[in-house]
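File shown here: my_file32.pdb, holding PDB, C-alpha atoms and all ligand atoms.
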ATOM      1  CA  MET H  27      63.565 173.355 114.404
ATOM      2  CA  LYS H  28      60.320 171.452 113.951
ATOM      3  CA  ASN H  29      62.146 168.240 114.775
ATOM      4  CA  ALA H  30      63.609 169.748 117.904
ATOM      5  CA  ILE H  31      60.176 170.816 119.114
ATOM      6  CA  ALA H  32      58.796 167.371 118.344
ATOM      7  CA  LEU H  33      61.659 165.855 120.274
ATOM      8  CA  ILE H  34      61.062 168.101 123.276
ATOM      9  CA  ALA H  35      57.347 167.263 123.176
ATOM     10  CA  ALA H  36      58.141 163.553 123.000
ATOM     11  CA  TYR H  37      60.541 163.864 125.889
ATOM     12  CA  ALA H  38      57.992 165.730 127.987
ATOM     13  CA  LEU H  39      55.482 162.986 127.279
ATOM     14  CA  TYR H  40      58.016 160.339 128.170
ATOM     15  CA  SER H  41      58.956 162.112 131.405
ATOM     16  CA  SER H  42      55.402 162.530 132.566
ATOM     17  CA  ALA H  43      54.634 158.909 131.726
ATOM     18  CA  SER H  44      57.609 157.529 133.598
ATOM     19  CA  ALA H  45      56.718 158.738 137.061
ATOM     20  CA  GLY H  46      53.671 159.180 139.224
ATOM     21  CA  ASN H  47      52.530 160.842 142.414
ATOM     22  CA  VAL H  48      51.929 158.489 145.307
ATOM     23  CA  GLN H  49      50.061 159.346 148.483
ATOM     24  CA  ILE H  50      50.147 157.013 151.472
ATOM     25  CA  LEU H  51      47.620 157.466 154.282
ATOM     26  CA  VAL H  52      48.561 155.817 157.572
ATOM     27  CA  LEU H  53      45.759 155.059 160.027
ATOM     28  CA  ASP H  54      45.863 153.514 163.473
ATOM     29  CA  LYS H  55      43.917 150.449 164.558
ATOM     30  CA  GLU H  56      40.877 152.656 165.244
ATOM     31  CA  GLY H  57      41.042 154.391 161.870
ATOM     32  CA  LYS H  58      42.538 157.699 163.054
ATOM     33  CA  PRO H  59      45.353 159.365 161.062
ATOM     34  CA  VAL H  60      48.852 158.683 162.431
ATOM     35  CA  VAL H  61      51.476 161.417 162.493
ATOM     36  CA  ASP H  62      55.214 160.589 162.305
ATOM     37  CA  ALA H  63      54.847 157.171 160.750
ATOM     38  CA  VAL H  64      57.823 156.554 158.440
ATOM     39  CA  VAL H  65      56.987 155.568 154.859
ATOM     40  CA  VAL H  66      59.810 154.114 152.761
ATOM     41  CA  MET H  67      59.616 153.534 149.002
ATOM     42  CA  TYR H  68      62.021 151.442 146.974
ATOM     43  CA  PRO H  69      61.630 152.342 143.279
ATOM     44  CA  GLY H  70      62.840 149.559 140.965
ATOM     45  CA  THR H  71      65.295 151.913 139.352
ATOM     46  CA  ALA H  72      67.441 153.361 142.122
ATOM     47  CA  THR H  73      66.734 157.045 141.602
ATOM     48  CA  PRO H  74      68.486 159.361 144.044
ATOM     49  CA  ASN H  75      66.144 161.835 145.656
ATOM     50  CA  PRO H  76      68.211 163.683 148.241
ATOM     51  CA  ALA H  77      65.584 166.396 148.604
ATOM     52  CA  LEU H  78      63.356 164.192 150.755
ATOM     53  CA  VAL H  79      65.797 163.199 153.482
ATOM     54  CA  PRO H  80      68.129 165.983 154.669
ATOM     55  CA  ARG H  81      71.790 165.051 154.975
ATOM     56  CA  THR H  82      72.132 166.726 158.365
ATOM     57  CA  ALA H  83      69.927 166.440 161.423
ATOM     58  CA  THR H  84      69.659 167.907 164.903
ATOM     59  CA  VAL H  85      67.690 166.422 167.785
ATOM     60  CA  VAL H  86      67.110 169.013 170.496
ATOM     61  CA  GLN H  87      66.338 168.189 174.107
ATOM     62  CA  GLU H  88      63.832 170.799 175.117
ATOM     63  CA  LYS H  89      61.277 170.856 177.943
ATOM     64  CA  MET H  90      61.968 167.170 178.645
ATOM     65  CA  ARG H  91      61.267 166.108 175.084
ATOM     66  CA  PHE H  92      63.229 165.051 172.035
ATOM     67  CA  VAL H  93      62.431 167.494 169.230
ATOM     68  CA  PRO H  94      61.625 166.187 166.700
ATOM     69  CA  GLU H  95      60.323 163.044 168.324
ATOM     70  CA  VAL H  96      61.002 161.046 165.145
ATOM     71  CA  THR H  97      64.002 161.904 162.959
ATOM     72  CA  VAL H  98      64.664 160.311 159.566
ATOM     73  CA  VAL H  99      68.212 160.211 158.206
ATOM     74  CA  THR H 100      70.105 158.152 155.643
ATOM     75  CA  THR H 101      72.951 155.798 156.524
ATOM     76  CA  GLY H 102      76.142 157.653 157.392
ATOM     77  CA  THR H 103      74.474 160.884 158.541
ATOM     78  CA  SER H 104      75.916 162.624 161.579
ATOM     79  CA  VAL H 105      73.177 163.618 164.023
ATOM     80  CA  ARG H 106      73.744 166.439 166.486
ATOM     81  CA  PHE H 107      72.166 166.246 169.949
ATOM     82  CA  THR H 108      71.750 169.597 171.675
ATOM     83  CA  ASN H 109      70.507 170.201 175.209
ATOM     84  CA  GLN H 110      68.473 173.395 175.474
ATOM     85  CA  ASP H 111      67.147 172.614 178.952
ATOM     86  CA  ARG H 112      68.713 174.154 182.047
ATOM     87  CA  TRP H 113      69.320 170.708 183.520
ATOM     88  CA  ASP H 114      71.451 167.757 182.441
ATOM     89  CA  HIS H 115      70.227 164.924 180.236
ATOM     90  CA  HIS H 116      71.884 161.544 180.029
ATOM     91  CA  LEU H 117      70.929 160.223 176.620
ATOM     92  CA  ARG H 118      70.947 156.693 175.474
ATOM     93  CA  GLY H 119      70.456 155.522 171.904
ATOM     94  CA  SER H 120      69.779 151.850 171.448
ATOM     95  CA  THR H 121      68.765 149.684 168.521
ATOM     96  CA  ALA H 122      67.538 147.063 170.981
ATOM     97  CA  GLY H 123      64.407 148.988 171.886
ATOM     98  CA  LEU H 124      63.416 150.378 175.231
ATOM     99  CA  VAL H 125      63.802 147.251 177.335
ATOM    100  CA  ALA H 126      66.439 147.568 180.039
ATOM    101  CA  ALA H 127      69.180 145.600 178.342
ATOM    102  CA  PRO H 128      72.915 145.926 178.838
ATOM    103  CA  THR H 129      74.306 148.609 176.562
ATOM    104  CA  THR H 130      76.231 146.656 174.003
ATOM    105  CA  ASP H 131      75.064 148.678 171.047
ATOM    106  CA  GLY H 132      74.243 152.289 170.322
ATOM    107  CA  PHE H 133      75.590 155.212 172.326
ATOM    108  CA  GLU H 134      75.350 157.106 175.593
ATOM    109  CA  MET H 135      76.152 160.695 176.412
ATOM    110  CA  ARG H 136      75.614 163.152 179.210
ATOM    111  CA  LEU H 137      74.833 166.671 178.080
ATOM    112  CA  ALA H 138      75.124 169.425 180.653
ATOM    113  CA  GLY H 139      72.238 171.830 181.170
ATOM    114  CA  LYS H 140      72.291 175.127 179.335
ATOM    115  CA  VAL H 141      73.687 178.121 181.160
ATOM    116  CA  ASP H 142      72.405 181.608 180.270
ATOM    117  CA  GLY H 143      74.638 183.364 177.768
ATOM    118  CA  LYS H 144      76.535 180.181 176.893
ATOM    119  CA  THR H 145      76.258 177.834 173.928
ATOM    120  CA  ALA H 146      74.137 174.753 174.616
ATOM    121  CA  SER H 147      76.015 171.466 175.066
ATOM    122  CA  SER H 148      75.950 169.217 172.056
ATOM    123  CA  SER H 149      77.446 166.010 170.747
ATOM    124  CA  ASP H 150      77.467 164.326 167.324
ATOM    125  CA  VAL H 151      76.751 160.692 166.543
ATOM    126  CA  THR H 152      77.139 159.086 163.121
ATOM    127  CA  MET H 153      74.283 156.751 162.305
ATOM    128  CA  ASP H 154      76.026 153.996 160.400
ATOM    129  CA  LYS H 155      73.433 151.212 160.326
ATOM    130  CA  PRO H 156      69.969 151.212 158.766
ATOM    131  CA  GLY H 157      67.090 150.671 161.171
ATOM    132  CA  ALA H 158      65.623 152.313 164.238
ATOM    133  CA  THR H 159      67.549 153.723 167.182
ATOM    134  CA  PHE H 160      65.398 154.390 170.235
ATOM    135  CA  LEU H 161      66.296 157.443 172.307
ATOM    136  CA  SER H 162      65.770 157.655 176.035
ATOM    137  CA  CYS H 163      67.209 159.517 179.034
ATOM    138  CA  HIS H 164      68.561 157.822 182.146
ATOM    139  CA  ILE H 165      67.508 160.776 184.268
ATOM    140  CA  HIS H 166      64.036 161.408 182.837
ATOM    141  CA  GLY H 167      62.178 158.188 182.129
ATOM    142  CA  SER H 168      59.347 159.889 180.242
ATOM    143  CA  MET H 169      61.624 161.070 177.415
ATOM    144  CA  ARG H 170      61.198 159.045 174.244
ATOM    145  CA  GLY H 171      62.458 159.597 170.729
ATOM    146  CA  THR H 172      63.480 157.684 167.640
ATOM    147  CA  ILE H 173      66.001 158.034 164.868
ATOM    148  CA  PHE H 174      65.047 156.036 161.809
ATOM    149  CA  VAL H 175      68.033 155.369 159.551
ATOM    150  CA  THR H 176      66.650 154.636 156.121
ATOM    151  CA  ASP H 177      68.280 152.755 153.254
ATOM    152  CA  SER H 178      66.237 154.611 150.638
ATOM    153  CA  ASP H 179      66.225 158.250 149.611
ATOM    154  CA  TRP H 180      62.476 157.927 149.095
ATOM    155  CA  THR H 181      61.437 158.243 152.715
ATOM    156  CA  LEU H 182      58.970 160.579 154.415
ATOM    157  CA  LYS H 183      57.252 160.985 157.758
ATOM    158  CA  THR H 184      53.464 161.280 157.722
ATOM    159  CA  ASN H 185      52.064 164.712 158.506
ATOM    160  CA  ALA H 186      49.322 165.577 161.033
ATOM    161  CA  ASP H 187      46.723 164.242 158.565
ATOM    162  CA  GLY H 188      48.525 160.897 158.396
ATOM    163  CA  LEU H 189      49.740 161.570 154.847
ATOM    164  CA  ALA H 190      53.071 160.978 153.136
ATOM    165  CA  GLN H 191      53.037 162.503 149.657
ATOM    166  CA  PHE H 192      55.677 161.464 147.131
ATOM    167  CA  ALA H 193      55.991 163.301 143.822
ATOM    168  CA  ASN H 194      57.425 161.772 140.649
ATOM    169  CA  VAL H 195      58.013 158.251 141.867
ATOM    170  CA  PRO H 196      59.567 156.267 138.981
ATOM    171  CA  SER H 197      56.987 154.026 137.307
ATOM    172  CA  GLY H 198      56.933 150.300 137.794
ATOM    173  CA  ALA H 199      56.761 147.992 140.775
ATOM    174  CA  VAL H 200      57.730 149.900 143.915
ATOM    175  CA  LYS H 201      58.177 148.168 147.258
ATOM    176  CA  MET H 202      56.786 150.238 150.127
ATOM    177  CA  ARG H 203      56.993 149.780 153.875
ATOM    178  CA  VAL H 204      55.553 151.690 156.803
ATOM    179  CA  TRP H 205      57.273 151.896 160.176
ATOM    180  CA  HIS H 206      56.136 153.395 163.463
ATOM    181  CA  PRO H 207      57.924 153.228 166.839
ATOM    182  CA  ASP H 208      54.817 151.824 168.567
ATOM    183  CA  GLN H 209      54.228 149.209 165.869
ATOM    184  CA  LEU H 210      56.357 146.504 167.515
ATOM    185  CA  LEU H 211      55.426 143.837 165.003
ATOM    186  CA  ASP H 212      56.714 145.106 161.645
ATOM    187  CA  LEU H 213      54.051 145.487 158.976
ATOM    188  CA  ALA H 214      54.634 143.413 155.837
ATOM    189  CA  PRO H 215      55.983 145.470 152.926
ATOM    190  CA  GLN H 216      53.648 146.029 149.978
ATOM    191  CA  VAL H 217      54.349 146.321 146.281
ATOM    192  CA  LEU H 218      52.699 149.254 144.511
ATOM    193  CA  GLN H 219      52.271 149.514 140.757
ATOM    194  CA  VAL H 220      53.211 153.117 140.024
ATOM    195  CA  ASN H 221      52.305 154.744 136.726
ATOM    196  CA  ASP H 222      51.449 158.258 135.632
ATOM    197  CA  ALA H 223      48.049 158.145 137.351
ATOM    198  CA  ALA H 224      47.903 159.350 140.936
ATOM    199  CA  LEU H 225      48.042 156.469 143.373
ATOM    200  CA  ASN H 226      46.471 156.587 146.826
ATOM    201  CA  GLN H 227      47.089 153.792 149.266
ATOM    202  CA  THR H 228      45.957 153.368 152.870
ATOM    203  CA  VAL H 229      47.983 151.435 155.421
ATOM    204  CA  LYS H 230      46.579 150.503 158.817
ATOM    205  CA  LEU H 231      48.723 149.959 161.891
ATOM    206  CA  SER H 232      47.733 147.131 164.208
ATOM    207  CA  VAL H 233      48.141 149.419 167.231
ATOM    208  CA  VAL H 234      46.934 152.776 168.567
ATOM    209  CA  PRO H 235      50.066 154.884 169.213
ATOM    210  CA  ARG H 236      50.474 156.150 172.745
ATOM    211  CA  ARG H 237      49.329 159.703 173.293
ATOM    212  CA  ARG H 238      51.982 162.369 173.115
ATOM    213  CA  ARG H 239      52.630 164.803 175.835
ATOM    214  CA  ILE H 240      51.807 168.254 174.565
TER     215      ILE H 240
HETATM  216 CU    CU Q   1      66.861 163.882 180.591
END
I'd like the structure from this file rewritten - as structure tokens, please.
Amino acid sequence: MKNAIALIAAYALYSSASAGNVQILVLDKEGKPVVDAVVVMYPGTATPNPALVPRTATVVQEKMRFVPEVTVVTTGTSVRFTNQDRWDHHLRGSTAGLVAAPTTDGFEMRLAGKVDGKTASSSDVTMDKPGATFLSCHIHGSMRGTIFVTDSDWTLKTNADGLAQFANVPSGAVKMRVWHPDQLLDLAPQVLQVNDAALNQTVKLSVVPRRRRI
């Protein structure tokens, strides 16, 4: 019995020493917190963490906006697009960015406007390649959204305070990258040394994100 307790205590010690909490603060060029920046961690030991990135996602078109504006999914996730507006939207998803290029990649769909008492129109798209897909609407040029397909379970969006908080990141060297749709020049990845002490890191974008429509 004594041995068992000692073993449990040793295991608890080992567990707490093998992971750490990591907080990333993302600021814009002027030092203001950035919401909806995507922070991706790559722990050296590939530890699944499906709790962070849901395996299903819905992007709603509502009041001429994509909600959420930034959606994070893992490779292979089917994303549902649903039009809650009373008018049609003609969505385009492109990995090529928002320049007017011929549509050779991505997807297009027209979703009819919602009629009272009827189910909203929707369509599913499987996101099969890691990277960013930019969402726009042929009919409404102001609509902008992004789907970020991540290749790591350890991915979070920053909150309104610009923070992405990861609990129990496996110790060791952890590659970390920050992505934002307005950051056209990708930021260089960093390597963090994670241990059982809390780690706070600040990352600065080289741009000031455009203002959102409220
Ligand atoms: Cu539209």
Name the residues that the PyMOL selection byres (((chain H and resi 232) around 12) and not hetatm) picks from the file above, as a PDB file with C-alpha atoms, keeping the file's coordinate frame, using the file's chain letters and numbers.
ATOM      1  CA  VAL H  52      48.561 155.817 157.572  1.00  0.00           C
ATOM      2  CA  LEU H  53      45.759 155.059 160.027  1.00  0.00           C
ATOM      3  CA  ASP H  54      45.863 153.514 163.473  1.00  0.00           C
ATOM      4  CA  LYS H  55      43.917 150.449 164.558  1.00  0.00           C
ATOM      5  CA  GLU H  56      40.877 152.656 165.244  1.00  0.00           C
ATOM      6  CA  GLY H  57      41.042 154.391 161.870  1.00  0.00           C
ATOM      7  CA  LYS H  58      42.538 157.699 163.054  1.00  0.00           C
ATOM      8  CA  VAL H  60      48.852 158.683 162.431  1.00  0.00           C
ATOM      9  CA  VAL H 204      55.553 151.690 156.803  1.00  0.00           C
ATOM     10  CA  TRP H 205      57.273 151.896 160.176  1.00  0.00           C
ATOM     11  CA  HIS H 206      56.136 153.395 163.463  1.00  0.00           C
ATOM     12  CA  ASP H 208      54.817 151.824 168.567  1.00  0.00           C
ATOM     13  CA  GLN H 209      54.228 149.209 165.869  1.00  0.00           C
ATOM     14  CA  LEU H 210      56.357 146.504 167.515  1.00  0.00           C
ATOM     15  CA  LEU H 211      55.426 143.837 165.003  1.00  0.00           C
ATOM     16  CA  ASP H 212      56.714 145.106 161.645  1.00  0.00           C
ATOM     17  CA  LEU H 213      54.051 145.487 158.976  1.00  0.00           C
ATOM     18  CA  ALA H 214      54.634 143.413 155.837  1.00  0.00           C
ATOM     19  CA  VAL H 229      47.983 151.435 155.421  1.00  0.00           C
ATOM     20  CA  LYS H 230      46.579 150.503 158.817  1.00  0.00           C
ATOM     21  CA  LEU H 231      48.723 149.959 161.891  1.00  0.00           C
ATOM     22  CA  VAL H 233      48.141 149.419 167.231  1.00  0.00           C
ATOM     23  CA  VAL H 234      46.934 152.776 168.567  1.00  0.00           C
ATOM     24  CA  PRO H 235      50.066 154.884 169.213  1.00  0.00           C
TER      25      PRO H 235
END
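Put simply, the PyMOL selection byres (((not hetatm)) within 7 of (chain Q and resi 1)) on this file hits Met90, Asp114, His115, His116, Leu117, Cys163, His164, Ile165, His166 and Met169 of chain H.
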Give me the result of the PyMOL selection byres (((chain H and resi 63-65) around 9) and not hetatm) on this file, residue by residue, as a compact mmCIF listing (two decimals) with C-alpha atoms, in the coordinates of the input.
# COMPACT_ATOMS: atom_id res chain seq x y z
CA ILE H 50 50.15 157.01 151.47
CA VAL H 52 48.56 155.82 157.57
CA VAL H 60 48.85 158.68 162.43
CA VAL H 61 51.48 161.42 162.49
CA ASP H 62 55.21 160.59 162.30
CA VAL H 66 59.81 154.11 152.76
CA MET H 67 59.62 153.53 149.00
CA VAL H 96 61.00 161.05 165.14
CA VAL H 98 64.66 160.31 159.57
CA PHE H 174 65.05 156.04 161.81
CA TRP H 180 62.48 157.93 149.10
CA THR H 181 61.44 158.24 152.72
CA LEU H 182 58.97 160.58 154.42
CA LYS H 183 57.25 160.99 157.76
CA THR H 184 53.46 161.28 157.72
CA ASN H 185 52.06 164.71 158.51
CA GLY H 188 48.52 160.90 158.40
CA LEU H 189 49.74 161.57 154.85
CA ALA H 190 53.07 160.98 153.14
CA MET H 202 56.79 150.24 150.13
CA ARG H 203 56.99 149.78 153.88
CA VAL H 204 55.55 151.69 156.80
CA TRP H 205 57.27 151.90 160.18
CA HIS H 206 56.14 153.40 163.46
CA PRO H 207 57.92 153.23 166.84
Between CA of Phe92 in chain H and CA of Ser168 in chain H lies a distance of 10.4 Å
Can you measure CA of Thr152 in chain H to CA of Trp113 in chain H for me? One decimal in Å is fine.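 According to the coordinates, CA of Thr152 in chain H and CA of Trp113 in chain H are separated by 24.7 Å.
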Between H:Arg237, H:Arg106, H:Arg81, H:Arg112, which one has atoms that come closest to Ser149 in chain H, using only C-alpha atoms?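 Counting only C-alpha atoms, the residue closest to Ser149 in chain H is H:Arg106.
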So, with all atoms listed in the file as the atoms that count, which of H:Gly46, H:Thr101, H:Val93, H:Gln110 lies closest to Thr145 in chain H?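 Nearest to Thr145 in chain H: H:Gln110.
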In Å, how far is it from CA of Pro196 in chain H to CA of Val79 in chain H?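 About the pair CA of Pro196 in chain H and CA of Val79 in chain H: they are 17.2 Å apart.
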Kindly indicate which residue among H:Asp179, H:Thr121, H:Thr172, H:Val220 lies nearest to Leu78 in chain H, using only C-alpha atoms for the distances.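 Checking each of H:Asp179, H:Thr121, H:Thr172, H:Val220 against Leu78 in chain H, counting only C-alpha atoms, the winner is H:Asp179.
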Identify which of the residues H:Ile173, H:Gly119, H:Asn109, H:Thr228 lies closest to Val141 in chain H, counting all atoms listed in the file when measuring atom-to-atom distances. H:Asn109
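With distances taken over all atoms listed in the file, H:Ser162 is the one residue among H:Ser162, H:Asn221, H:Thr82, H:Thr108 lying closest to Glu134 in chain H.
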Considering only C-alpha atoms, state which residue in the set H:Ala45, H:Met153, H:Leu218, H:Leu137 is at the smallest distance from Asp177 in chain H.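 Smallest distance to Asp177 in chain H is found for H:Met153.
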Can you rebuild range 189-200 of chain H with all heavy atoms and give it as an mmCIF file, in the coordinates of the input?
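Dumped everything to out-v2.cif:
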data_model
loop_
_atom_site.group_PDB
_atom_site.id
_atom_site.type_symbol
_atom_site.label_atom_id
_atom_site.label_comp_id
_atom_site.auth_asym_id
_atom_site.auth_seq_id
_atom_site.Cartn_x
_atom_site.Cartn_y
_atom_site.Cartn_z
ATOM 1 N N LEU H 189 49.386 161.714 156.264
ATOM 2 C CA LEU H 189 49.740 161.570 154.847
ATOM 3 C C LEU H 189 51.237 161.698 154.582
ATOM 4 O O LEU H 189 51.911 162.560 155.154
ATOM 5 C CB LEU H 189 49.029 162.644 154.014
ATOM 6 C CG LEU H 189 47.500 162.565 153.949
ATOM 7 C CD1 LEU H 189 46.944 163.806 153.256
ATOM 8 C CD2 LEU H 189 47.073 161.296 153.214
ATOM 9 N N ALA H 190 51.726 160.838 153.713
ATOM 10 C CA ALA H 190 53.071 160.978 153.136
ATOM 11 C C ALA H 190 52.872 161.097 151.632
ATOM 12 O O ALA H 190 52.320 160.193 151.002
ATOM 13 C CB ALA H 190 53.935 159.770 153.468
ATOM 14 N N GLN H 191 53.300 162.237 151.074
ATOM 15 C CA GLN H 191 53.037 162.503 149.657
ATOM 16 C C GLN H 191 54.338 162.533 148.873
ATOM 17 O O GLN H 191 55.182 163.399 149.091
ATOM 18 C CB GLN H 191 52.282 163.830 149.521
ATOM 19 C CG GLN H 191 50.873 163.711 150.097
ATOM 20 C CD GLN H 191 50.203 165.040 150.376
ATOM 21 O OE1 GLN H 191 50.814 165.937 150.961
ATOM 22 N NE2 GLN H 191 48.957 165.159 149.979
ATOM 23 N N PHE H 192 54.475 161.582 147.961
ATOM 24 C CA PHE H 192 55.677 161.464 147.131
ATOM 25 C C PHE H 192 55.353 161.925 145.716
ATOM 26 O O PHE H 192 54.401 161.430 145.112
ATOM 27 C CB PHE H 192 56.142 160.011 147.063
ATOM 28 C CG PHE H 192 56.582 159.435 148.385
ATOM 29 C CD1 PHE H 192 55.648 158.895 149.262
ATOM 30 C CD2 PHE H 192 57.919 159.419 148.742
ATOM 31 C CE1 PHE H 192 56.048 158.357 150.473
ATOM 32 C CE2 PHE H 192 58.324 158.884 149.953
ATOM 33 C CZ PHE H 192 57.393 158.353 150.818
ATOM 34 N N ALA H 193 56.180 162.838 145.200
ATOM 35 C CA ALA H 193 55.991 163.301 143.822
ATOM 36 C C ALA H 193 56.985 162.595 142.913
ATOM 37 O O ALA H 193 58.118 162.292 143.315
ATOM 38 C CB ALA H 193 56.200 164.811 143.739
ATOM 39 N N ASN H 194 56.546 162.315 141.694
ATOM 40 C CA ASN H 194 57.425 161.772 140.649
ATOM 41 C C ASN H 194 58.164 160.494 141.054
ATOM 42 O O ASN H 194 59.375 160.388 140.890
ATOM 43 C CB ASN H 194 58.439 162.835 140.195
ATOM 44 C CG ASN H 194 57.744 164.055 139.631
ATOM 45 O OD1 ASN H 194 56.808 163.918 138.836
ATOM 46 N ND2 ASN H 194 58.167 165.227 140.053
ATOM 47 N N VAL H 195 57.412 159.557 141.576
ATOM 48 C CA VAL H 195 58.013 158.251 141.867
ATOM 49 C C VAL H 195 58.176 157.501 140.544
ATOM 50 O O VAL H 195 57.221 157.432 139.752
ATOM 51 C CB VAL H 195 57.101 157.438 142.818
ATOM 52 C CG1 VAL H 195 57.720 156.086 143.130
ATOM 53 C CG2 VAL H 195 56.833 158.222 144.095
ATOM 54 N N PRO H 196 59.374 156.970 140.259
ATOM 55 C CA PRO H 196 59.567 156.267 138.981
ATOM 56 C C PRO H 196 58.548 155.131 138.806
ATOM 57 O O PRO H 196 58.260 154.397 139.752
ATOM 58 C CB PRO H 196 60.994 155.710 139.108
ATOM 59 C CG PRO H 196 61.668 156.615 140.076
ATOM 60 C CD PRO H 196 60.603 157.045 141.054
ATOM 61 N N SER H 197 58.010 155.031 137.599
ATOM 62 C CA SER H 197 56.987 154.026 137.307
ATOM 63 C C SER H 197 57.523 152.616 137.450
ATOM 64 O O SER H 197 58.713 152.373 137.324
ATOM 65 C CB SER H 197 56.458 154.217 135.888
ATOM 66 O OG SER H 197 55.721 155.399 135.815
ATOM 67 N N GLY H 198 56.571 151.713 137.688
ATOM 68 C CA GLY H 198 56.933 150.300 137.794
ATOM 69 C C GLY H 198 56.551 149.775 139.161
ATOM 70 O O GLY H 198 55.823 150.425 139.919
ATOM 71 N N ALA H 199 57.046 148.592 139.473
ATOM 72 C CA ALA H 199 56.761 147.992 140.775
ATOM 73 C C ALA H 199 57.636 148.664 141.829
ATOM 74 O O ALA H 199 58.850 148.742 141.686
ATOM 75 C CB ALA H 199 57.050 146.497 140.718
ATOM 76 N N VAL H 200 57.000 149.183 142.860
ATOM 77 C CA VAL H 200 57.730 149.900 143.915
ATOM 78 C C VAL H 200 57.394 149.250 145.261
ATOM 79 O O VAL H 200 56.229 149.234 145.674
ATOM 80 C CB VAL H 200 57.340 151.398 143.944
ATOM 81 C CG1 VAL H 200 58.020 152.108 145.112
ATOM 82 C CG2 VAL H 200 57.708 152.073 142.634
#
